[in-house]
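> One file: input_4.cif (mmCIF, C-alpha atoms (C1' of nucleotides)).
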```
data_query
#
loop_
_atom_site.label_atom_id
_atom_site.label_comp_id
_atom_site.auth_asym_id
_atom_site.auth_seq_id
_atom_site.Cartn_x
_atom_site.Cartn_y
_atom_site.Cartn_z
CA MET A 1 -66.28 -29.08 -11.94
CA GLY A 2 -67.05 -25.77 -10.36
CA VAL A 3 -67.71 -27.27 -6.95
CA MET A 4 -65.26 -26.06 -4.35
CA THR A 5 -63.04 -28.77 -2.94
CA ARG A 6 -63.96 -29.64 0.60
CA TRP A 7 -60.43 -29.78 2.02
CA LEU A 8 -59.64 -31.79 5.11
CA ASP A 9 -59.72 -29.83 8.34
CA PRO A 10 -56.72 -30.22 10.70
CA ASP A 11 -58.37 -33.00 12.67
CA GLU A 12 -59.22 -34.95 9.56
CA GLN A 13 -55.74 -34.36 8.20
CA ARG A 14 -54.24 -35.71 11.37
CA THR A 15 -56.56 -38.71 11.39
CA TRP A 16 -55.88 -39.53 7.78
CA ARG A 17 -52.11 -39.37 8.15
CA ALA A 18 -52.11 -41.40 11.34
CA PHE A 19 -54.27 -44.03 9.71
CA LEU A 20 -52.02 -44.15 6.67
CA THR A 21 -48.90 -44.46 8.75
CA ALA A 22 -50.36 -47.03 11.10
CA SER A 23 -51.86 -49.34 8.52
CA ARG A 24 -48.76 -49.19 6.34
CA ALA A 25 -46.44 -49.84 9.26
CA LEU A 26 -48.59 -52.72 10.48
CA MET A 27 -48.79 -54.37 7.09
CA ASP A 28 -45.13 -53.87 6.34
CA THR A 29 -44.17 -55.39 9.67
CA LEU A 30 -46.38 -58.44 9.28
CA ASP A 31 -45.30 -58.85 5.68
CA ARG A 32 -41.65 -58.82 6.66
CA GLU A 33 -42.17 -61.26 9.51
CA LEU A 34 -44.06 -63.65 7.29
CA GLN A 35 -41.51 -63.40 4.52
CA ARG A 36 -38.73 -64.10 6.99
CA ASP A 37 -40.44 -66.95 8.85
CA ALA A 38 -42.50 -68.62 6.14
CA GLY A 39 -40.92 -67.45 2.90
CA MET A 40 -44.10 -65.92 1.54
CA PRO A 41 -45.79 -62.54 1.49
CA HIS A 42 -48.90 -61.89 3.51
CA ALA A 43 -51.14 -62.02 0.43
CA TYR A 44 -50.06 -65.58 -0.27
CA TYR A 45 -50.51 -66.60 3.33
CA GLU A 46 -54.08 -65.36 3.15
CA ILE A 47 -54.76 -67.48 0.10
CA LEU A 48 -53.59 -70.57 1.94
CA VAL A 49 -55.66 -69.64 4.99
CA ARG A 50 -58.84 -69.27 2.98
CA LEU A 51 -58.26 -72.57 1.24
CA SER A 52 -57.57 -74.31 4.53
CA GLU A 53 -60.93 -73.13 5.88
CA ALA A 54 -62.94 -74.22 2.85
CA PRO A 55 -64.71 -77.57 2.59
CA ARG A 56 -62.29 -80.13 1.21
CA ARG A 57 -59.67 -77.35 1.27
CA GLN A 58 -60.67 -76.15 -2.16
CA LEU A 59 -62.28 -73.12 -3.77
CA ARG A 60 -63.12 -71.77 -7.17
CA MET A 61 -60.56 -69.23 -8.33
CA SER A 62 -63.11 -66.44 -8.55
CA GLU A 63 -64.44 -67.14 -5.08
CA LEU A 64 -60.92 -67.18 -3.73
CA ALA A 65 -60.27 -63.86 -5.42
CA ASP A 66 -63.33 -62.35 -3.77
CA LEU A 67 -62.45 -63.72 -0.34
CA THR A 68 -58.92 -62.39 -0.48
CA GLY A 69 -59.94 -59.07 -2.02
CA SER A 70 -57.69 -59.74 -4.96
CA SER A 71 -58.07 -59.14 -8.66
CA ARG A 72 -58.40 -62.20 -10.83
CA SER A 73 -55.13 -61.40 -12.51
CA ARG A 74 -53.31 -61.13 -9.24
CA LEU A 75 -54.74 -64.38 -8.03
CA SER A 76 -53.79 -66.10 -11.27
CA HIS A 77 -50.17 -65.02 -10.93
CA ALA A 78 -50.13 -65.90 -7.25
CA ALA A 79 -51.68 -69.30 -7.93
CA ALA A 80 -49.02 -70.01 -10.53
CA ARG A 81 -46.35 -69.36 -7.92
CA LEU A 82 -48.05 -71.26 -5.16
CA GLU A 83 -48.55 -74.16 -7.52
CA SER A 84 -44.92 -74.23 -8.55
CA ALA A 85 -44.01 -74.23 -4.86
CA GLY A 86 -46.25 -77.29 -4.50
CA TRP A 87 -48.54 -75.63 -1.97
CA ILE A 88 -51.67 -75.70 -4.09
CA ARG A 89 -52.75 -77.40 -7.29
CA ARG A 90 -55.38 -76.42 -9.83
CA GLU A 91 -58.06 -78.74 -11.09
CA ASP A 92 -60.74 -78.38 -13.73
CA CYS A 93 -64.21 -77.61 -12.46
CA PRO A 94 -66.64 -80.43 -13.35
CA THR A 95 -69.74 -78.20 -13.55
CA ASP A 96 -68.32 -75.21 -15.42
CA ARG A 97 -65.71 -75.93 -18.00
CA ARG A 98 -64.30 -72.39 -17.79
CA GLY A 99 -63.68 -72.87 -14.11
CA GLN A 100 -60.60 -73.79 -12.14
CA ILE A 101 -60.52 -75.07 -8.60
CA ALA A 102 -57.59 -74.29 -6.35
CA VAL A 103 -56.82 -77.08 -3.90
CA LEU A 104 -54.53 -76.78 -0.89
CA THR A 105 -51.99 -79.63 -0.94
CA ASP A 106 -50.73 -81.44 2.13
CA ASP A 107 -47.44 -79.62 1.73
CA GLY A 108 -49.32 -76.34 1.60
CA PHE A 109 -51.24 -77.22 4.71
CA ALA A 110 -48.04 -78.13 6.51
CA VAL A 111 -46.36 -74.86 5.57
CA LEU A 112 -49.42 -72.98 6.75
CA ALA A 113 -49.58 -74.89 10.03
CA ALA A 114 -45.92 -74.07 10.63
CA ALA A 115 -46.36 -70.39 9.86
CA ALA A 116 -49.65 -69.72 11.63
CA PRO A 117 -48.57 -69.56 15.28
CA GLY A 118 -45.85 -67.02 14.59
CA HIS A 119 -48.11 -64.93 12.44
CA VAL A 120 -50.92 -64.92 14.98
CA GLU A 121 -48.47 -63.85 17.65
CA GLY A 122 -47.41 -61.04 15.35
CA VAL A 123 -50.97 -59.84 14.83
CA ARG A 124 -51.63 -60.03 18.53
CA HIS A 125 -48.46 -58.26 19.46
CA HIS A 126 -48.55 -55.53 16.84
CA LEU A 127 -52.28 -54.86 16.90
CA PHE A 128 -54.38 -56.22 19.76
CA ASP A 129 -51.86 -55.82 22.54
CA ALA A 130 -51.68 -52.11 21.78
CA LEU A 131 -55.41 -51.47 22.02
CA SER A 132 -57.94 -51.55 24.83
CA PRO A 133 -60.92 -53.90 24.47
CA ALA A 134 -63.11 -50.87 23.79
CA GLN A 135 -60.78 -49.76 21.01
CA VAL A 136 -60.81 -53.21 19.46
CA ASP A 137 -64.57 -52.99 19.40
CA GLN A 138 -64.45 -49.53 17.87
CA LEU A 139 -61.99 -50.69 15.25
CA ARG A 140 -64.27 -53.56 14.32
CA ARG A 141 -67.27 -51.29 13.87
CA ILE A 142 -65.30 -48.73 11.92
CA SER A 143 -63.80 -51.37 9.65
CA GLU A 144 -67.11 -53.07 9.02
CA THR A 145 -68.69 -49.72 8.22
CA LEU A 146 -65.93 -48.95 5.76
CA VAL A 147 -66.17 -52.35 4.10
CA ALA A 148 -69.90 -51.89 3.64
CA HIS A 149 -69.38 -48.38 2.32
CA LEU A 150 -66.61 -49.31 -0.09
CA THR A 151 -68.26 -52.37 -1.53
CA GLY A 152 -71.90 -51.31 -1.38
CA MET B 1 -40.91 -72.23 21.82
CA GLY B 2 -43.02 -74.25 24.16
CA VAL B 3 -45.41 -71.41 24.82
CA MET B 4 -48.91 -72.15 23.59
CA THR B 5 -50.07 -69.91 20.80
CA ARG B 6 -52.67 -67.43 21.96
CA TRP B 7 -55.07 -67.78 19.03
CA LEU B 8 -57.45 -65.02 18.11
CA ASP B 9 -60.92 -65.36 19.62
CA PRO B 10 -63.90 -64.98 17.26
CA ASP B 11 -64.26 -61.26 17.97
CA GLU B 12 -60.61 -60.60 17.32
CA GLN B 13 -60.73 -62.72 14.20
CA ARG B 14 -63.66 -60.72 12.93
CA THR B 15 -61.98 -57.43 13.78
CA TRP B 16 -58.73 -58.41 12.12
CA ARG B 17 -60.38 -59.54 8.90
CA ALA B 18 -62.60 -56.50 8.70
CA PHE B 19 -59.62 -54.25 9.23
CA LEU B 20 -57.63 -56.07 6.57
CA THR B 21 -60.44 -55.91 4.07
CA ALA B 22 -61.27 -52.29 4.79
CA SER B 23 -57.76 -50.90 4.67
CA ARG B 24 -56.89 -52.86 1.57
CA ALA B 25 -60.07 -51.82 -0.21
CA LEU B 26 -59.57 -48.19 0.76
CA MET B 27 -55.96 -48.10 -0.39
CA ASP B 28 -56.67 -49.95 -3.59
CA THR B 29 -59.49 -47.58 -4.42
CA LEU B 30 -57.48 -44.44 -3.78
CA ASP B 31 -54.52 -45.88 -5.60
CA ARG B 32 -56.61 -46.64 -8.65
CA GLU B 33 -58.23 -43.21 -8.64
CA LEU B 34 -54.89 -41.48 -8.36
CA GLN B 35 -53.35 -43.62 -11.06
CA ARG B 36 -56.26 -42.85 -13.35
CA ASP B 37 -56.47 -39.12 -12.64
CA ALA B 38 -52.86 -38.16 -12.02
CA GLY B 39 -50.86 -40.99 -13.56
CA MET B 40 -49.05 -41.88 -10.36
CA PRO B 41 -49.48 -44.31 -7.48
CA HIS B 42 -50.43 -43.07 -4.05
CA ALA B 43 -46.91 -43.52 -2.70
CA TYR B 44 -45.56 -41.08 -5.27
CA TYR B 45 -48.31 -38.60 -4.59
CA GLU B 46 -47.32 -38.62 -0.93
CA ILE B 47 -43.74 -37.83 -1.80
CA LEU B 48 -44.82 -34.80 -3.76
CA VAL B 49 -47.12 -33.71 -0.94
CA ARG B 50 -44.37 -33.85 1.65
CA LEU B 51 -42.02 -31.92 -0.57
CA SER B 52 -44.66 -29.28 -1.26
CA GLU B 53 -45.07 -28.71 2.48
CA ALA B 54 -41.37 -28.39 3.22
CA PRO B 55 -39.54 -25.08 3.34
CA ARG B 56 -38.35 -24.17 -0.15
CA ARG B 57 -40.12 -27.35 -1.28
CA GLN B 58 -37.10 -29.49 -0.58
CA LEU B 59 -36.03 -32.23 1.79
CA ARG B 60 -33.11 -34.52 2.43
CA MET B 61 -33.72 -37.96 0.97
CA SER B 62 -33.50 -39.65 4.35
CA GLU B 63 -35.93 -37.23 5.92
CA LEU B 64 -38.32 -37.73 3.05
CA ALA B 65 -38.02 -41.48 3.50
CA ASP B 66 -38.92 -41.16 7.18
CA LEU B 67 -41.87 -38.86 6.51
CA THR B 68 -43.34 -41.15 3.90
CA GLY B 69 -42.64 -44.32 5.86
CA SER B 70 -40.55 -45.62 3.03
CA SER B 71 -37.31 -47.55 2.91
CA ARG B 72 -34.33 -45.70 1.49
CA SER B 73 -34.17 -48.09 -1.38
CA ARG B 74 -37.80 -47.56 -2.25
CA LEU B 75 -37.42 -43.83 -2.11
CA SER B 76 -34.34 -43.96 -4.30
CA HIS B 77 -36.18 -45.89 -6.98
CA ALA B 78 -39.21 -43.64 -6.69
CA ALA B 79 -37.06 -40.50 -6.87
CA ALA B 80 -35.42 -41.79 -10.02
CA ARG B 81 -38.83 -42.13 -11.61
CA LEU B 82 -40.16 -38.82 -10.36
CA GLU B 83 -37.00 -37.14 -11.58
CA SER B 84 -37.29 -38.64 -15.03
CA ALA B 85 -40.89 -37.41 -15.12
CA GLY B 86 -39.52 -33.95 -14.33
CA TRP B 87 -41.53 -33.61 -11.13
CA ILE B 88 -38.56 -33.46 -8.77
CA ARG B 89 -34.82 -32.97 -9.15
CA ARG B 90 -31.96 -34.01 -6.90
CA GLU B 91 -29.22 -31.71 -5.75
CA ASP B 92 -26.06 -32.28 -3.75
CA CYS B 93 -26.24 -31.34 -0.11
CA PRO B 94 -23.78 -28.52 0.69
CA THR B 95 -23.19 -29.54 4.31
CA ASP B 96 -22.91 -33.30 3.91
CA ARG B 97 -21.30 -34.56 0.77
CA ARG B 98 -23.02 -37.93 1.06
CA GLY B 99 -26.40 -36.25 1.07
CA GLN B 100 -28.92 -35.61 -1.64
CA ILE B 101 -31.72 -33.09 -1.55
CA ALA B 102 -34.96 -33.75 -3.37
CA VAL B 103 -36.56 -30.60 -4.73
CA LEU B 104 -40.12 -30.32 -6.06
CA THR B 105 -40.05 -28.69 -9.50
CA ASP B 106 -42.67 -26.28 -10.79
CA ASP B 107 -43.97 -29.03 -13.03
CA GLY B 108 -44.22 -31.32 -10.02
CA PHE B 109 -46.07 -28.69 -8.07
CA ALA B 110 -48.48 -28.16 -10.94
CA VAL B 111 -49.19 -31.87 -11.26
CA LEU B 112 -49.79 -32.05 -7.53
CA ALA B 113 -52.08 -29.03 -7.54
CA ALA B 114 -54.08 -30.60 -10.34
CA ALA B 115 -54.37 -33.95 -8.58
CA ALA B 116 -55.05 -32.77 -5.03
CA PRO B 117 -58.73 -31.75 -5.21
CA GLY B 118 -59.80 -35.05 -6.73
CA HIS B 119 -57.75 -37.03 -4.28
CA VAL B 120 -59.08 -35.13 -1.28
CA GLU B 121 -62.60 -35.72 -2.51
CA GLY B 122 -61.76 -39.39 -2.74
CA VAL B 123 -60.46 -39.56 0.82
CA ARG B 124 -63.50 -37.68 2.06
CA HIS B 125 -65.93 -39.79 0.13
CA HIS B 126 -64.39 -43.19 0.83
CA LEU B 127 -63.38 -42.59 4.44
CA PHE B 128 -64.80 -39.61 6.31
CA ASP B 129 -68.26 -39.58 4.77
CA ALA B 130 -68.78 -43.14 5.97
CA LEU B 131 -67.93 -42.47 9.61
CA SER B 132 -69.57 -40.48 12.39
CA PRO B 133 -67.53 -37.70 14.00
CA ALA B 134 -67.11 -39.93 17.04
CA GLN B 135 -65.76 -42.71 14.89
CA VAL B 136 -63.30 -40.36 13.21
CA ASP B 137 -62.06 -39.43 16.63
CA GLN B 138 -61.79 -43.08 17.64
CA LEU B 139 -59.93 -43.90 14.46
CA ARG B 140 -57.46 -41.12 15.13
CA ARG B 141 -56.74 -42.34 18.64
CA ILE B 142 -56.45 -45.94 17.55
CA SER B 143 -54.13 -45.05 14.69
CA GLU B 144 -51.93 -42.85 16.82
CA THR B 145 -51.71 -45.57 19.44
CA LEU B 146 -50.67 -48.08 16.81
CA VAL B 147 -48.08 -45.77 15.31
CA ALA B 148 -46.55 -45.21 18.73
CA HIS B 149 -46.62 -48.92 19.46
CA LEU B 150 -45.11 -49.95 16.14
CA THR B 151 -42.34 -47.41 16.07
CA GLY B 152 -41.56 -47.18 19.79
"C1'" DG C 1 -81.37 -72.58 -31.64
"C1'" DC C 2 -78.17 -68.61 -32.55
"C1'" DG C 3 -75.77 -64.39 -32.42
"C1'" DA C 4 -74.43 -60.95 -28.80
"C1'" DT C 5 -73.05 -60.28 -24.30
"C1'" DT C 6 -71.17 -61.60 -20.05
"C1'" DT C 7 -68.28 -64.44 -17.05
"C1'" DA C 8 -63.90 -67.29 -15.81
"C1'" DG C 9 -59.48 -67.29 -16.04
"C1'" DT C 10 -54.76 -66.56 -18.10
"C1'" DT C 11 -51.01 -64.04 -20.15
"C1'" DG C 12 -47.24 -60.58 -21.03
"C1'" DA C 13 -45.43 -56.18 -20.54
"C1'" DA C 14 -44.68 -52.32 -17.69
"C1'" DC C 15 -44.15 -50.83 -13.32
"C1'" DA C 16 -43.26 -50.99 -8.10
"C1'" DC C 17 -41.12 -53.00 -3.98
"C1'" DT C 18 -37.69 -55.83 -1.34
"C1'" DC C 19 -33.42 -57.40 -0.13
"C1'" DA C 20 -28.62 -57.57 -0.08
"C1'" DA C 21 -24.53 -55.73 -1.76
"C1'" DC C 22 -22.15 -51.83 -2.49
"C1'" DC C 23 -19.58 -47.01 -2.59
"C1'" DA C 24 -18.53 -42.88 -0.44
"C1'" DG C 25 -18.28 -39.68 3.17
"C1'" DT C 26 -18.60 -38.83 8.32
"C1'" DG C 27 -17.39 -39.29 12.94
"C1'" DC C 28 -15.51 -41.57 16.82
"C1'" DC C 29 -11.80 -43.33 19.58
"C1'" DG C 30 -7.29 -44.83 20.12
"C1'" DC D 1 -3.52 -38.49 12.71
"C1'" DG D 2 -5.36 -43.25 11.31
"C1'" DG D 3 -8.19 -47.01 11.45
"C1'" DC D 4 -13.07 -48.59 11.95
"C1'" DA D 5 -17.68 -48.47 12.50
"C1'" DC D 6 -21.75 -46.00 11.02
"C1'" DT D 7 -24.68 -43.20 8.01
"C1'" DG D 8 -26.60 -41.65 3.36
"C1'" DG D 9 -27.81 -43.12 -0.63
"C1'" DT D 10 -27.79 -46.00 -4.96
"C1'" DT D 11 -27.95 -50.22 -7.66
"C1'" DG D 12 -29.44 -54.70 -9.67
"C1'" DA D 13 -31.70 -58.89 -9.33
"C1'" DG D 14 -35.67 -61.15 -8.03
"C1'" DT D 15 -40.41 -60.97 -6.93
"C1'" DG D 16 -45.15 -59.15 -6.84
"C1'" DT D 17 -48.92 -56.15 -8.85
"C1'" DT D 18 -51.45 -53.77 -12.53
"C1'" DC D 19 -53.56 -53.12 -16.78
"C1'" DA D 20 -55.17 -54.40 -21.09
"C1'" DA D 21 -55.70 -57.89 -24.32
"C1'" DC D 22 -57.06 -62.38 -25.10
"C1'" DT D 23 -59.40 -67.34 -25.24
"C1'" DA D 24 -63.01 -70.10 -24.10
"C1'" DA D 25 -67.30 -71.27 -22.21
"C1'" DA D 26 -71.84 -70.00 -20.35
"C1'" DT D 27 -75.98 -67.25 -20.71
"C1'" DC D 28 -79.26 -63.97 -22.41
"C1'" DG D 29 -82.64 -62.29 -25.86
"C1'" DC D 30 -85.23 -63.10 -29.49
#
```
Can you turn what I pasted into structure tokens?

Amino acid sequence: MGVMTRWLDPDEQRTWRAFLTASRALMDTLDRELQRDAGMPHAYYEILVRLSEAPRRQLRMSELADLTGSSRSRLSHAAARLESAGWIRREDCPTDRRGQIAVLTDDGFAVLAAAAPGHVEGVRHHLFDALSPAQVDQLRRISETLVAHLTG
Amino acid sequence: MGVMTRWLDPDEQRTWRAFLTASRALMDTLDRELQRDAGMPHAYYEILVRLSEAPRRQLRMSELADLTGSSRSRLSHAAARLESAGWIRREDCPTDRRGQIAVLTDDGFAVLAAAAPGHVEGVRHHLFDALSPAQVDQLRRISETLVAHLTG
DNA sequence: GCGATTTAGTTGAACACTCAACCAGTGCCG
DNA sequence: CGGCACTGGTTGAGTGTTCAACTAAATCGC
């Protein structure tokens, strides 16, 4: 209250709108490709990826939520769908009786293995192929700075 | 088919994940703030902004869809909601009888004016305050390159 | 130990987005 | 002119996300 708004100057305005447009277009494109080729949205693909990289292909629900930057609720709903598709299953946690462990099934792994090459090509084509090596480096630093700033 | 997948190297992997995390966290944060303070998601806010900047605060639906990077369907649904909130209204286009013109109402303008300062502060705080001027410049170039690449 | 708080996860309702199907009006080309 | 493809926009069904409320189990403080 009472403090004047520090409006965006024209450069900032331009940067903000370009960033908005670019990140939305990129995500929409990858989402559509993944939906078309693998029958799942990008968020679900990421869940499978994280599980596939975990020891024994399994993770606590809360850990999985953190890794995918998802709310617990969202992950719960997503897990219900992935489970009914047969791509993951949920088991009780032996050490914490509140806990649930999401496990990637063989079917889930197969679906992921089939989808991954196309998706990686998409990321490469739509993102990395457009940028110089220096820009990729800049983007990494900027993104890591933002992550630290937003979560710190 | 037959072409080996060019997997992401560790640097690219790291860049991609940081970008994903950062852009999702940023959007989620701004979305939540806007929902809390103005009772609308960021996508709807953007629609009102674009209308407020247009001559006579009005735009053809298709033009508005292009400006906001939205599908026509999405915009139609959004417009229905914004109209029932009384923030926009739709009029017939005099020169093309298929067309509809979205017009920002006074109520819509007032809601936007009330929401804007807080939102701008959010963008500044969560994005620009975290980056050096050089990084802002880099982000602008990268984003503009991506937009050109994705839409060209 | 035992009540109060916190953490893990799920649920249902309300809302938003996608996709495909659709109507209506425009414009092109014979 | 008359047919045909294209454009502008809407609709409904299906799917995903959010928010708040809720259960159950662990943990903290005394």
> For chain C, list the residues within 9 Å of chain B, counting all atoms listed in the file, and write the list as a PyMOL selection string.
chain C and resi 16-18+24-26
> Give me, as a ChimeraX atom specification, the residues of chain D touching chain B, with the criterion being at most 8 Å (counting all atoms listed in the file).
/D:8-10
> Just need the residues of chain A within 6 Å of chain B, counting all atoms listed in the file, so spit them out as a list of chain:residue names.
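Listed by rising number, the hits are A:Thr5, A:Thr15, A:Ala18, A:Phe19, A:Ala22, A:Pro117, A:Arg140, A:Ser143, A:Glu144, A:Leu146, A:Val147.
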> Under the rule that only C-alpha atoms (C1' of nucleotides) are counted, which of A:Arg50, A:Asp37, A:Thr95, A:Ala102 is the nearest residue to D:DA26?
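When distances to D:DA26 are compared using only C-alpha atoms (C1' of nucleotides), the smallest one comes from A:Thr95.
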> Given the file above and the PyMOL selection byres ((chain D and resi 28) around 12), which residues are selected, and can you give them as a list in words?
DC2, DG3, DA4, DT5 and DT6 of chain C; DA26, DT27, DG29 and DC30 of chain D
> Just the residues within 12 Å of stretch 103-109 of chain B, please, counting all atoms listed in the file, with nothing from its chain fewer than 5 positions along; format it as an MDAnalysis selection string.
chainID B and resid 38 40 44:45 47:61 64 79 82:93 114:116
> Figure out the distance between atom CA of A:Leu30 and atom CA of B:Arg36, please, to one decimal in Å.
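Atom-to-atom, atom CA of B:Arg36 to atom CA of A:Leu30, that is 29.2 Å.
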> One decimal, in Å: what's the spacing between atom CA of B:Asp31 and atom CA of A:Gly39?
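Between atom CA of B:Asp31 and atom CA of A:Gly39 the gap works out to 26.9 Å.
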> Just how far from atom CA of B:Ala113 is atom C1' of D:DT18, in Å to one decimal?
25.2 Å
> Taking the file as I've supplied it (selection: the PyMOL selection byres ((chain C and resi 29) around 12)), which residues are included? Please answer as a list in words.
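The output of the PyMOL selection byres ((chain C and resi 29) around 12) on this file is DG27, DC28 and DG30 of chain C; DC1, DG2, DG3, DC4 and DA5 of chain D.
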